>>> print(open('work-v3.txt').read())   # compact mmCIF, C-alpha atoms and all ligand atoms
# COMPACT_ATOMS: atom_id res chain seq x y z
CA MET A 1 71.69 98.63 68.37
CA SER A 2 74.05 96.79 65.99
CA GLU A 3 77.73 95.92 66.33
CA THR A 4 80.48 98.27 65.21
CA LEU A 5 80.47 98.57 61.43
CA PRO A 6 83.17 99.68 59.01
CA GLU A 7 83.23 103.43 58.53
CA ALA A 8 84.28 103.98 54.94
CA TYR A 9 82.91 107.37 53.95
CA LEU A 10 82.93 107.78 50.20
CA GLY A 11 81.39 111.24 49.76
CA PRO A 12 83.13 114.41 48.59
CA GLN A 13 85.70 116.28 50.67
CA ARG A 14 84.18 119.40 52.19
CA VAL A 15 85.34 121.99 54.72
CA PHE A 16 83.11 123.51 57.41
CA SER A 17 84.04 125.97 60.12
CA GLY A 18 82.50 128.84 62.05
CA VAL A 19 83.10 131.75 64.37
CA GLN A 20 80.71 133.03 67.03
CA PRO A 21 79.44 136.61 66.76
CA SER A 22 80.03 137.03 70.50
CA GLY A 23 82.31 140.06 70.35
CA ALA A 24 85.21 141.61 68.49
CA LEU A 25 87.41 139.21 66.53
CA HIS A 26 91.00 138.99 67.71
CA LEU A 27 94.39 137.88 66.47
CA GLY A 28 93.80 134.32 67.76
CA ASN A 29 90.64 133.98 65.64
CA TYR A 30 92.53 135.44 62.68
CA LEU A 31 95.61 133.21 62.86
CA GLY A 32 93.86 130.13 64.28
CA ALA A 33 90.90 130.18 61.90
CA LEU A 34 90.57 132.88 59.22
CA VAL A 35 94.01 132.45 57.65
CA LYS A 36 93.31 128.74 57.27
CA PHE A 37 89.85 129.44 55.82
CA VAL A 38 91.44 131.47 53.02
CA ALA A 39 94.10 128.87 52.20
CA LEU A 40 91.56 126.03 52.04
CA GLN A 41 89.16 127.69 49.59
CA GLU A 42 91.81 127.16 46.90
CA ARG A 43 91.54 123.39 47.08
CA MET A 44 88.18 122.33 48.60
CA GLU A 45 84.51 123.25 48.74
CA CYS A 46 84.29 125.44 51.86
CA ILE A 47 81.37 126.43 54.07
CA TYR A 48 82.05 129.19 56.59
CA CYS A 49 79.26 129.87 59.04
CA VAL A 50 78.69 132.73 61.47
CA VAL A 51 77.46 130.68 64.40
CA ASP A 52 74.91 133.00 65.98
CA MET A 53 73.01 130.07 67.57
CA HIS A 54 76.21 129.22 69.46
CA ALA A 55 76.68 132.84 70.47
CA ILE A 56 73.35 132.96 72.34
CA THR A 57 74.42 130.14 74.66
CA LEU A 58 75.84 133.10 76.60
CA TRP A 59 73.75 136.28 76.89
CA GLN A 60 73.99 138.50 73.80
CA ASP A 61 72.39 141.90 73.54
CA PRO A 62 69.74 141.44 70.79
CA ALA A 63 70.43 144.98 69.58
CA ALA A 64 74.07 144.03 68.93
CA LEU A 65 73.80 140.43 67.67
CA ALA A 66 72.85 141.23 64.07
CA SER A 67 75.63 143.80 63.67
CA GLN A 68 78.15 141.42 65.26
CA THR A 69 77.02 138.73 62.82
CA ARG A 70 77.60 141.07 59.87
CA GLU A 71 80.97 142.01 61.36
CA ILE A 72 82.16 138.39 61.40
CA ALA A 73 81.02 137.97 57.78
CA ALA A 74 82.96 141.15 56.94
CA ALA A 75 86.03 139.74 58.72
CA TYR A 76 85.87 136.53 56.65
CA ILE A 77 85.75 138.52 53.41
CA ALA A 78 88.34 141.09 54.55
CA ALA A 79 90.72 138.26 55.46
CA GLY A 80 90.40 136.94 51.90
CA VAL A 81 87.49 134.50 51.81
CA ASP A 82 85.79 134.85 48.41
CA PRO A 83 81.99 134.64 48.89
CA THR A 84 81.45 133.60 45.29
CA ARG A 85 83.48 130.44 45.94
CA ALA A 86 83.10 129.69 49.64
CA ILE A 87 79.67 129.75 51.26
CA ILE A 88 79.26 132.39 54.00
CA PHE A 89 75.98 132.44 55.96
CA PRO A 90 74.47 132.81 59.46
CA GLN A 91 73.74 129.52 61.22
CA SER A 92 70.22 130.59 62.28
CA ALA A 93 69.22 131.01 58.61
CA VAL A 94 69.40 127.23 58.03
CA SER A 95 66.97 125.49 60.39
CA GLY A 96 68.55 122.10 59.69
CA HIS A 97 71.26 122.91 62.26
CA ALA A 98 68.67 122.89 65.05
CA GLU A 99 66.86 119.83 63.69
CA LEU A 100 70.01 117.71 63.39
CA ALA A 101 71.22 118.91 66.79
CA TRP A 102 68.07 117.44 68.34
CA ILE A 103 68.71 114.05 66.75
CA PHE A 104 72.33 114.21 67.95
CA ASN A 105 71.17 115.16 71.47
CA CYS A 106 69.56 111.74 71.45
CA VAL A 107 72.76 110.07 70.21
CA ALA A 108 75.36 111.80 72.43
CA ARG A 109 75.71 110.57 76.01
CA ILE A 110 75.63 112.78 79.10
CA GLY A 111 78.97 111.26 80.18
CA TRP A 112 80.55 112.53 76.94
CA LEU A 113 79.36 116.08 77.56
CA ASP A 114 80.38 115.95 81.22
CA ARG A 115 83.98 115.61 80.05
CA MET A 116 84.00 118.81 77.94
CA THR A 117 86.58 121.14 79.43
CA GLN A 118 85.35 124.30 77.65
CA PHE A 119 82.01 124.08 79.48
CA LYS A 120 83.86 123.76 82.78
CA GLU A 121 86.14 126.70 81.91
CA LYS A 122 83.25 128.92 80.84
CA THR A 123 81.01 128.15 83.82
CA GLY A 124 83.60 127.87 86.59
CA LYS A 125 81.77 127.39 89.87
CA ASN A 126 78.44 128.55 88.41
CA LYS A 127 77.48 125.38 86.51
CA GLN A 128 73.91 125.43 87.84
CA GLY A 129 73.38 128.93 86.49
CA ALA A 130 74.62 128.13 82.96
CA SER A 131 72.21 127.71 80.06
CA VAL A 132 71.36 124.20 78.87
CA GLY A 133 72.48 125.43 75.44
CA LEU A 134 76.01 126.04 76.71
CA TYR A 135 76.11 122.44 77.99
CA THR A 136 74.92 120.96 74.69
CA TYR A 137 77.00 123.39 72.58
CA PRO A 138 79.32 120.62 71.29
CA VAL A 139 76.29 118.64 70.06
CA LEU A 140 75.11 121.62 68.01
CA GLN A 141 78.68 121.95 66.73
CA ALA A 142 78.56 118.31 65.58
CA ALA A 143 75.28 119.06 63.79
CA ASP A 144 76.81 122.13 62.11
CA ILE A 145 79.58 120.00 60.66
CA LEU A 146 77.64 116.86 59.78
CA LEU A 147 74.64 118.67 58.28
CA TYR A 148 77.00 119.19 55.33
CA LYS A 149 78.91 115.90 55.80
CA ALA A 150 82.03 118.05 56.19
CA THR A 151 85.19 115.99 56.12
CA HIS A 152 87.59 118.69 57.33
CA VAL A 153 87.29 121.39 59.99
CA PRO A 154 89.98 124.07 60.37
CA VAL A 155 89.99 125.32 63.99
CA GLY A 156 92.28 126.45 66.77
CA GLU A 157 93.56 123.97 69.33
CA ASP A 158 90.83 124.91 71.85
CA GLN A 159 88.29 123.08 69.67
CA LYS A 160 90.12 119.73 69.58
CA GLN A 161 87.96 118.03 72.21
CA HIS A 162 84.72 119.20 70.56
CA LEU A 163 85.83 117.72 67.25
CA GLU A 164 86.59 114.40 68.90
CA LEU A 165 83.01 114.47 70.18
CA THR A 166 81.76 115.14 66.63
CA ARG A 167 83.56 111.98 65.49
CA ASP A 168 82.08 110.02 68.41
CA ILE A 169 78.57 111.21 67.50
CA ALA A 170 79.05 110.38 63.80
CA GLY A 171 80.40 106.92 64.65
CA LYS A 172 77.61 106.14 67.12
CA PHE A 173 74.90 107.37 64.74
CA ASN A 174 76.28 105.26 61.87
CA ASN A 175 76.54 102.28 64.18
CA ASP A 176 73.20 102.60 66.03
CA PHE A 177 71.20 103.12 62.85
CA ASN A 178 73.08 100.52 60.83
CA ALA A 179 74.20 103.18 58.34
CA PRO A 180 77.94 102.54 57.92
CA GLY A 181 79.81 105.48 56.45
CA PHE A 182 76.69 107.71 56.36
CA PHE A 183 78.33 110.50 58.34
CA PRO A 184 82.08 110.99 57.83
CA LEU A 185 84.51 110.87 60.75
CA THR A 186 85.55 114.47 60.32
CA GLU A 187 89.23 115.41 60.48
CA PRO A 188 90.21 118.43 62.56
CA MET A 189 92.83 120.66 60.91
CA ILE A 190 94.55 122.16 63.91
CA GLU A 191 98.24 122.05 63.17
CA GLY A 192 100.19 124.98 61.84
CA PRO A 193 101.29 128.35 63.18
CA GLY A 194 98.74 130.36 65.17
CA ALA A 195 96.79 127.31 66.38
CA ARG A 196 97.06 128.58 69.95
CA VAL A 197 97.56 132.30 70.45
CA MET A 198 97.75 133.19 74.13
CA SER A 199 96.62 136.24 76.10
CA LEU A 200 99.02 139.21 76.15
CA ARG A 201 98.48 139.43 79.91
CA ASP A 202 98.90 135.74 80.77
CA GLY A 203 100.88 133.30 78.64
CA GLN A 204 98.94 130.35 80.12
CA ALA A 205 95.45 131.58 79.06
CA LYS A 206 94.26 131.64 75.46
CA MET A 207 93.53 134.94 73.77
CA SER A 208 89.75 135.21 73.98
CA LYS A 209 86.92 137.58 73.03
CA SER A 210 85.35 137.14 76.42
CA ASP A 211 88.46 138.06 78.46
CA PRO A 212 87.35 141.15 80.43
CA SER A 213 90.70 142.85 79.75
CA ASP A 214 90.93 144.43 76.30
CA GLN A 215 94.72 144.61 76.87
CA SER A 216 94.80 140.80 76.72
CA ARG A 217 94.08 140.70 72.99
CA ILE A 218 94.72 142.40 69.66
CA ASN A 219 91.33 143.06 68.03
CA LEU A 220 91.14 142.97 64.26
CA LEU A 221 89.72 146.51 64.31
CA ASP A 222 92.42 147.96 66.62
CA ASP A 223 94.28 150.86 65.01
CA ALA A 224 98.08 151.00 64.67
CA ASP A 225 98.61 153.02 67.87
CA THR A 226 96.48 150.67 69.93
CA ILE A 227 98.32 147.62 68.57
CA SER A 228 101.72 149.15 69.36
CA GLN A 229 100.62 150.15 72.83
CA LYS A 230 99.19 146.69 73.61
CA ILE A 231 102.39 144.96 72.44
CA ARG A 232 104.55 147.40 74.42
CA ARG A 233 102.52 146.60 77.55
CA ALA A 234 102.35 142.83 76.89
CA ARG A 235 103.55 140.89 79.88
CA THR A 236 107.08 139.47 79.52
CA ASP A 237 109.99 138.46 81.73
CA PRO A 238 113.22 140.47 82.10
CA ALA A 239 115.58 138.01 80.30
CA PRO A 240 116.61 138.53 76.66
CA LEU A 241 115.22 136.16 74.04
CA PRO A 242 117.04 132.80 73.92
CA GLU A 243 119.12 131.64 70.95
CA ALA A 244 117.24 128.32 70.63
CA VAL A 245 113.59 127.20 70.96
CA ALA A 246 114.40 125.02 74.00
CA GLY A 247 115.10 128.24 75.89
CA LEU A 248 111.42 129.24 75.58
CA SER A 249 110.15 126.22 77.49
CA ASN A 250 109.44 127.85 80.86
CA ARG A 251 108.74 131.29 79.45
CA PRO A 252 105.09 131.20 78.24
CA GLU A 253 104.80 134.94 77.51
CA ALA A 254 108.06 135.04 75.53
CA ALA A 255 107.07 131.84 73.69
CA ASN A 256 103.69 133.38 72.80
CA LEU A 257 105.19 136.57 71.32
CA VAL A 258 107.77 134.59 69.35
CA GLY A 259 105.01 132.26 68.12
CA ILE A 260 102.87 135.22 67.01
CA TYR A 261 105.82 136.76 65.15
CA ALA A 262 106.53 133.43 63.46
CA ALA A 263 102.88 132.89 62.45
CA ILE A 264 102.56 136.35 60.92
CA ALA A 265 105.95 136.32 59.19
CA GLY A 266 105.55 132.75 57.89
CA MET A 267 108.71 131.71 59.77
CA THR A 268 109.50 128.99 62.30
CA ASP A 269 110.08 129.94 65.95
CA GLN A 270 113.76 129.09 65.45
CA GLN A 271 114.05 131.44 62.48
CA VAL A 272 112.61 134.22 64.67
CA LEU A 273 115.19 133.41 67.35
CA ASP A 274 117.96 133.35 64.73
CA ARG A 275 117.05 136.99 64.15
CA PHE A 276 116.24 138.12 67.70
CA GLY A 277 118.04 135.64 70.03
CA GLY A 278 120.09 137.52 72.64
CA LYS A 279 118.09 140.73 72.09
CA GLY A 280 115.78 142.21 74.72
CA PHE A 281 112.05 142.87 74.45
CA GLY A 282 112.82 146.58 74.03
CA GLU A 283 113.99 145.66 70.53
CA PHE A 284 111.71 142.71 69.80
CA LYS A 285 108.37 144.26 70.76
CA PRO A 286 108.53 147.25 68.35
CA ALA A 287 109.53 144.88 65.52
CA LEU A 288 106.58 142.63 66.37
CA ALA A 289 104.19 145.62 66.56
CA ASP A 290 105.35 146.89 63.13
CA LEU A 291 104.92 143.46 61.58
CA MET A 292 101.46 143.10 63.08
CA VAL A 293 100.30 146.53 61.93
CA ASP A 294 101.56 145.86 58.38
CA ARG A 295 99.61 142.61 58.29
CA LEU A 296 96.40 143.67 60.01
CA ALA A 297 95.93 147.23 58.72
CA PRO A 298 94.74 146.18 55.23
CA VAL A 299 92.39 143.61 56.79
CA SER A 300 90.84 146.13 59.18
CA ASP A 301 90.54 148.75 56.41
CA ARG A 302 88.64 146.27 54.24
CA MET A 303 86.51 145.24 57.19
CA ARG A 304 85.51 148.84 57.93
CA ARG A 305 84.53 149.43 54.29
CA LEU A 306 82.41 146.26 54.23
CA ILE A 307 80.71 147.02 57.55
CA ALA A 308 79.69 150.41 56.14
CA ASP A 309 77.44 148.58 53.63
CA PRO A 310 75.25 146.19 55.68
CA ALA A 311 72.81 145.67 52.79
CA GLU A 312 75.61 144.18 50.69
CA ILE A 313 76.65 141.89 53.56
CA ASP A 314 73.04 140.76 53.94
CA ARG A 315 72.89 140.00 50.22
CA ILE A 316 76.02 137.82 50.53
CA LEU A 317 74.62 136.08 53.63
CA ALA A 318 71.26 135.39 51.95
CA ASP A 319 72.99 133.93 48.90
CA GLY A 320 75.21 131.79 51.16
CA ALA A 321 72.21 130.57 53.18
CA ALA A 322 70.41 129.46 50.00
CA ARG A 323 73.50 127.53 48.84
CA ALA A 324 73.96 125.98 52.31
CA ARG A 325 70.30 124.85 52.41
CA ALA A 326 70.67 123.21 49.02
CA ILE A 327 73.53 121.03 50.34
CA ALA A 328 71.91 120.35 53.72
CA GLU A 329 68.38 119.44 52.68
CA PRO A 330 69.09 116.08 50.94
CA ILE A 331 71.39 115.04 53.81
CA LEU A 332 68.70 115.94 56.34
CA GLU A 333 66.03 114.15 54.31
CA GLU A 334 68.12 110.97 54.30
CA THR A 335 68.83 111.37 58.03
CA ARG A 336 65.09 111.62 58.78
CA ARG A 337 64.54 108.43 56.79
CA ILE A 338 67.34 106.60 58.61
CA VAL A 339 65.96 107.68 62.01
CA GLY A 340 62.51 106.42 61.02
CA TYR A 341 60.43 109.61 60.96
CA VAL A 342 57.21 109.40 58.96
CA LYS A 343 57.59 110.99 55.53
CA LEU A 344 54.45 112.96 54.66
N1 LIG A 401 93.52 132.09 71.10
C1 LIG A 401 93.25 131.43 69.99
N2 LIG A 401 94.26 130.92 69.23
C2 LIG A 401 94.00 130.26 68.08
N3 LIG A 401 92.75 130.04 67.61
C3 LIG A 401 91.72 130.53 68.33
N4 LIG A 401 90.38 130.52 68.14
C4 LIG A 401 89.77 131.16 69.16
N5 LIG A 401 90.69 131.61 70.04
C5 LIG A 401 91.91 131.25 69.55
C6 LIG A 401 89.72 129.89 67.00
O1 LIG A 401 88.86 130.85 66.41
C7 LIG A 401 87.71 130.17 65.88
C8 LIG A 401 86.46 130.84 66.31
O2 LIG A 401 86.28 130.73 67.70
P1 LIG A 401 84.87 131.08 68.31
O3 LIG A 401 84.62 132.51 68.23
O4 LIG A 401 83.82 130.28 67.69
O5 LIG A 401 84.92 130.62 69.77
P2 LIG A 401 86.07 130.48 70.77
O6 LIG A 401 87.01 129.42 70.35
O7 LIG A 401 85.39 130.25 72.05
O8 LIG A 401 86.81 131.89 70.66
P3 LIG A 401 87.00 132.98 71.75
O9 LIG A 401 87.63 134.14 71.14
O10 LIG A 401 87.68 132.42 72.94
O11 LIG A 401 85.54 133.39 72.10
P4 LIG A 401 84.81 133.39 73.46
O12 LIG A 401 85.68 134.19 74.38
O13 LIG A 401 83.50 134.05 73.12
O14 LIG A 401 84.68 131.98 73.90
C9 LIG A 401 87.82 128.72 66.34
O15 LIG A 401 88.35 127.96 65.27
C10 LIG A 401 88.79 128.76 67.46
O16 LIG A 401 89.50 127.56 67.59
>>> encode(input="work-v3.txt", output="structure tokens")
Amino acid sequence: MSETLPEAYLGPQRVFSGVQPSGALHLGNYLGALVKFVALQERMECIYCVVDMHAITLWQDPAALASQTREIAAAYIAAGVDPTRAIIFPQSAVSGHAELAWIFNCVARIGWLDRMTQFKEKTGKNKQGASVGLYTYPVLQAADILLYKATHVPVGEDQKQHLELTRDIAGKFNNDFNAPGFFPLTEPMIEGPGARVMSLRDGQAKMSKSDPSDQSRINLLDDADTISQKIRRARTDPAPLPEAVAGLSNRPEAANLVGIYAAIAGMTDQQVLDRFGGKGFGEFKPALADLMVDRLAPVSDRMRRLIADPAEIDRILADGAARARAIAEPILEETRRIVGYVKL
């Protein structure tokens, strides 16, 4: 192993991100990820994966996995990702993800993975019963990103620790194999509105696909009545909204609803409070529900139309997979050489 080397990465800027086909997409996925995906395609080469290999770290019904994968692809396109510009494909269609993950399993340290809070949150007291894949999930995520030498990854705040691990793996690989700057130290793009959308039932827990309560989240395919009903029933406290942001500090549910309004309307939290400060939730919630329906209805309509034509989605995914392989293969070839595999 050599000493630490300078890390200048001189390759092109490239965006990679993904969503698991592990259930219905929700408002947190939309604001935390999809909205950013769309904005970035204007200025960088973007690769958006449907990470089905990640999804199977928890049990997925095989009969549902393929349709869930197509549904995520449909959500990307319905949200505004253009598949002729950005690359959209299923992770399992490019075998390089698994190959690079193995190499990175040999670079990452057990102590690094032991610190990952998402694994602890997802397994709770049942660590011994969890799959090995769930434990090494962040290593596969590093492989997803670095297989394309992605320099930027738009994600929600929950992924921050995993992206730090990706940087650690890239740095250690470059250092151990005396290949300075071979893999980039990828930048997470977390900031911005919607980076952390919380559950409608508990302002301290993130909105999540796997929350057993459907009332905890707004699904992208919820209809207008369901959205209004979920917002009406969202947990809040009895006080009116404060006039200033500081007044939200010990009110997680109120802060979450104000943050959601701000993210959808393209306003700051303070601008929302300028409009609704001093008003009760009886007035604020219907306004939020209307805003949400206006924003999500066109997305869910487009999604439904796309899902009705699975052959067209498969055509887009196959085209994306071919373009992804073309980027990945030379990087993988060079990685094999650096590691010292025999070239036959
Ligand atoms: N609540 C959230 N607020 C903001 N962003 C979020 N993301 C997820 N939840 C929120 C972002 O959505 C992208 C895709 O996430 P994922 O499906 O790959 O996995 P996840 O982060 O584990 O999402 P879920 O919904 O919580 O799924 P389950 O319950 O299956 O684990 C990521 O960019 C994520 O940051």
>>> closest_atom_pairs(input="work-v3.txt", of="range 214-281 of chain A", to="range 72-81 of chain A", cutoff="12 Å", atoms="all atoms listed in the file", output="JSON lines")
{"residue": "A:Asn219", "atom": "CA", "partner": "A:Ala75", "partner_atom": "CA", "distance": 11.2}
{"residue": "A:Leu220", "atom": "CA", "partner": "A:Ala75", "partner_atom": "CA", "distance": 8.2}
{"residue": "A:Leu221", "atom": "CA", "partner": "A:Ala75", "partner_atom": "CA", "distance": 9.5}
>>> residues_near_ligand(input="work-v3.txt", ligand="ligand LIG 401 (chain A)", cutoff="6 Å", atoms="only C-alpha atoms and all ligand atoms", output="list in words")
Gly18, Val19, Gln20, Ser22, Gly28, Asn29, Gly32, Ala33, Val155, Gly156, Glu157, Asp158, Gln159, Gly194, Ala195, Arg196, Val197, Met198, Lys206, Met207, Ser208, Lys209 and Ser210 of chain A
>>> atom_distance(input="work-v3.txt", atom1="CA of Ser300 in chain A", atom2="CA of Ile218 in chain A")
11.8 Å
>>> closest_residue(input="work-v3.txt", among="A:Ala130, A:Ala254, A:Leu200, A:Cys46", to="Thr151 in chain A", atoms="only C-alpha atoms")
A:Cys46
>>> atom_distance(input="work-v3.txt", atom1="CA of Arg232 in chain A", atom2="CA of Gln68 in chain A")
28.6 Å
>>> residues_around(input="work-v3.txt", residues="Leu134 in chain A", least_positions_apart="6", cutoff="10 Å", atoms="all atoms listed in the file", output="PyMOL selection string")
chain A and resi 54-58+118-119+122-123+127+140
>>> closest_residue(input="work-v3.txt", among="A:Thr166, A:Gln60, A:Gln204, A:Thr69", to="Glu187 in chain A", atoms="all atoms listed in the file")
A:Thr166
>>> closest_residue(input="work-v3.txt", among="A:Asp237, A:Ile327, A:Thr117, A:Ser95", to="Arg14 in chain A", atoms="all atoms listed in the file")
A:Ile327
>>> atom_distance(input="work-v3.txt", atom1="CA of Gln215 in chain A", atom2="CA of Val245 in chain A")
26.3 Å
>>> residues_around(input="work-v3.txt", residues="range 170-180 of chain A", least_positions_apart="3", cutoff="12 Å", atoms="only C-alpha atoms", output="ChimeraX atom specification")
/A:1-10,100-101,103-109,139,141-143,145-147,149-151,163-167,183-187,334-340
>>> write_last_selection(input="work-v3.txt", atoms="C-alpha atoms", output="PDB file, in the frame of the given file")
ATOM      1  CA  MET A   1      71.690  98.630  68.370  1.00  0.00           C
ATOM      2  CA  SER A   2      74.050  96.790  65.990  1.00  0.00           C
ATOM      3  CA  GLU A   3      77.730  95.920  66.330  1.00  0.00           C
ATOM      4  CA  THR A   4      80.480  98.270  65.210  1.00  0.00           C
ATOM      5  CA  LEU A   5      80.470  98.570  61.430  1.00  0.00           C
ATOM      6  CA  PRO A   6      83.170  99.680  59.010  1.00  0.00           C
ATOM      7  CA  GLU A   7      83.230 103.430  58.530  1.00  0.00           C
ATOM      8  CA  ALA A   8      84.280 103.980  54.940  1.00  0.00           C
ATOM      9  CA  TYR A   9      82.910 107.370  53.950  1.00  0.00           C
ATOM     10  CA  LEU A  10      82.930 107.780  50.200  1.00  0.00           C
ATOM     11  CA  LEU A 100      70.010 117.710  63.390  1.00  0.00           C
ATOM     12  CA  ALA A 101      71.220 118.910  66.790  1.00  0.00           C
ATOM     13  CA  ILE A 103      68.710 114.050  66.750  1.00  0.00           C
ATOM     14  CA  PHE A 104      72.330 114.210  67.950  1.00  0.00           C
ATOM     15  CA  ASN A 105      71.170 115.160  71.470  1.00  0.00           C
ATOM     16  CA  CYS A 106      69.560 111.740  71.450  1.00  0.00           C
ATOM     17  CA  VAL A 107      72.760 110.070  70.210  1.00  0.00           C
ATOM     18  CA  ALA A 108      75.360 111.800  72.430  1.00  0.00           C
ATOM     19  CA  ARG A 109      75.710 110.570  76.010  1.00  0.00           C
ATOM     20  CA  VAL A 139      76.290 118.640  70.060  1.00  0.00           C
ATOM     21  CA  GLN A 141      78.680 121.950  66.730  1.00  0.00           C
ATOM     22  CA  ALA A 142      78.560 118.310  65.580  1.00  0.00           C
ATOM     23  CA  ALA A 143      75.280 119.060  63.790  1.00  0.00           C
ATOM     24  CA  ILE A 145      79.580 120.000  60.660  1.00  0.00           C
ATOM     25  CA  LEU A 146      77.640 116.860  59.780  1.00  0.00           C
ATOM     26  CA  LEU A 147      74.640 118.670  58.280  1.00  0.00           C
ATOM     27  CA  LYS A 149      78.910 115.900  55.800  1.00  0.00           C
ATOM     28  CA  ALA A 150      82.030 118.050  56.190  1.00  0.00           C
ATOM     29  CA  THR A 151      85.190 115.990  56.120  1.00  0.00           C
ATOM     30  CA  LEU A 163      85.830 117.720  67.250  1.00  0.00           C
ATOM     31  CA  GLU A 164      86.590 114.400  68.900  1.00  0.00           C
ATOM     32  CA  LEU A 165      83.010 114.470  70.180  1.00  0.00           C
ATOM     33  CA  THR A 166      81.760 115.140  66.630  1.00  0.00           C
ATOM     34  CA  ARG A 167      83.560 111.980  65.490  1.00  0.00           C
ATOM     35  CA  PHE A 183      78.330 110.500  58.340  1.00  0.00           C
ATOM     36  CA  PRO A 184      82.080 110.990  57.830  1.00  0.00           C
ATOM     37  CA  LEU A 185      84.510 110.870  60.750  1.00  0.00           C
ATOM     38  CA  THR A 186      85.550 114.470  60.320  1.00  0.00           C
ATOM     39  CA  GLU A 187      89.230 115.410  60.480  1.00  0.00           C
ATOM     40  CA  GLU A 334      68.120 110.970  54.300  1.00  0.00           C
ATOM     41  CA  THR A 335      68.830 111.370  58.030  1.00  0.00           C
ATOM     42  CA  ARG A 336      65.090 111.620  58.780  1.00  0.00           C
ATOM     43  CA  ARG A 337      64.540 108.430  56.790  1.00  0.00           C
ATOM     44  CA  ILE A 338      67.340 106.600  58.610  1.00  0.00           C
ATOM     45  CA  VAL A 339      65.960 107.680  62.010  1.00  0.00           C
ATOM     46  CA  GLY A 340      62.510 106.420  61.020  1.00  0.00           C
TER      47      GLY A 340
END
>>> closest_residue(input="work-v3.txt", among="A:Pro330, A:Arg304, A:Val299, A:Ile227", to="Pro286 in chain A", atoms="only C-alpha atoms")
A:Ile227
>>> closest_residue(input="work-v3.txt", among="A:Arg217, A:Lys36, A:Arg115, A:Arg325", to="Asp144 in chain A", atoms="all atoms listed in the file")
A:Arg325
>>> closest_residue(input="work-v3.txt", among="A:Ala246, A:Val272, A:Ala262, A:Met292", to="Ile231 in chain A", atoms="all atoms listed in the file")
A:Met292
>>> residues_near_point(input="work-v3.txt", point="(78.5, 124.6, 50.1)", cutoff="7 Å", atoms="all atoms listed in the file", output="mmCIF file with C-alpha atoms, in the coordinates of the input")
data_model
loop_
_atom_site.group_PDB
_atom_site.id
_atom_site.type_symbol
_atom_site.label_atom_id
_atom_site.label_comp_id
_atom_site.auth_asym_id
_atom_site.auth_seq_id
_atom_site.Cartn_x
_atom_site.Cartn_y
_atom_site.Cartn_z
ATOM 1 C CA GLU A 45 84.510 123.250 48.740
ATOM 2 C CA CYS A 46 84.290 125.440 51.860
ATOM 3 C CA ILE A 47 81.370 126.430 54.070
ATOM 4 C CA ALA A 86 83.100 129.690 49.640
ATOM 5 C CA ILE A 87 79.670 129.750 51.260
ATOM 6 C CA ARG A 323 73.500 127.530 48.840
ATOM 7 C CA ALA A 324 73.960 125.980 52.310
ATOM 8 C CA ILE A 327 73.530 121.030 50.340
#
>>> residues_around(input="work-v3.txt", residues="Pro240 in chain A", least_positions_apart="3", cutoff="8 Å", atoms="only C-alpha atoms", output="NGL selection string")
:A and (277-281)
>>> axis_aligned_box(input="work-v3.txt", around="range 75-92 of chain A", padding_each_side="4 Å", output="lines of an AutoDock Vina configuration file")
center_x = 80.5
center_y = 135.3
center_z = 53.8
size_x = 28.5
size_y = 19.6
size_z = 25.0
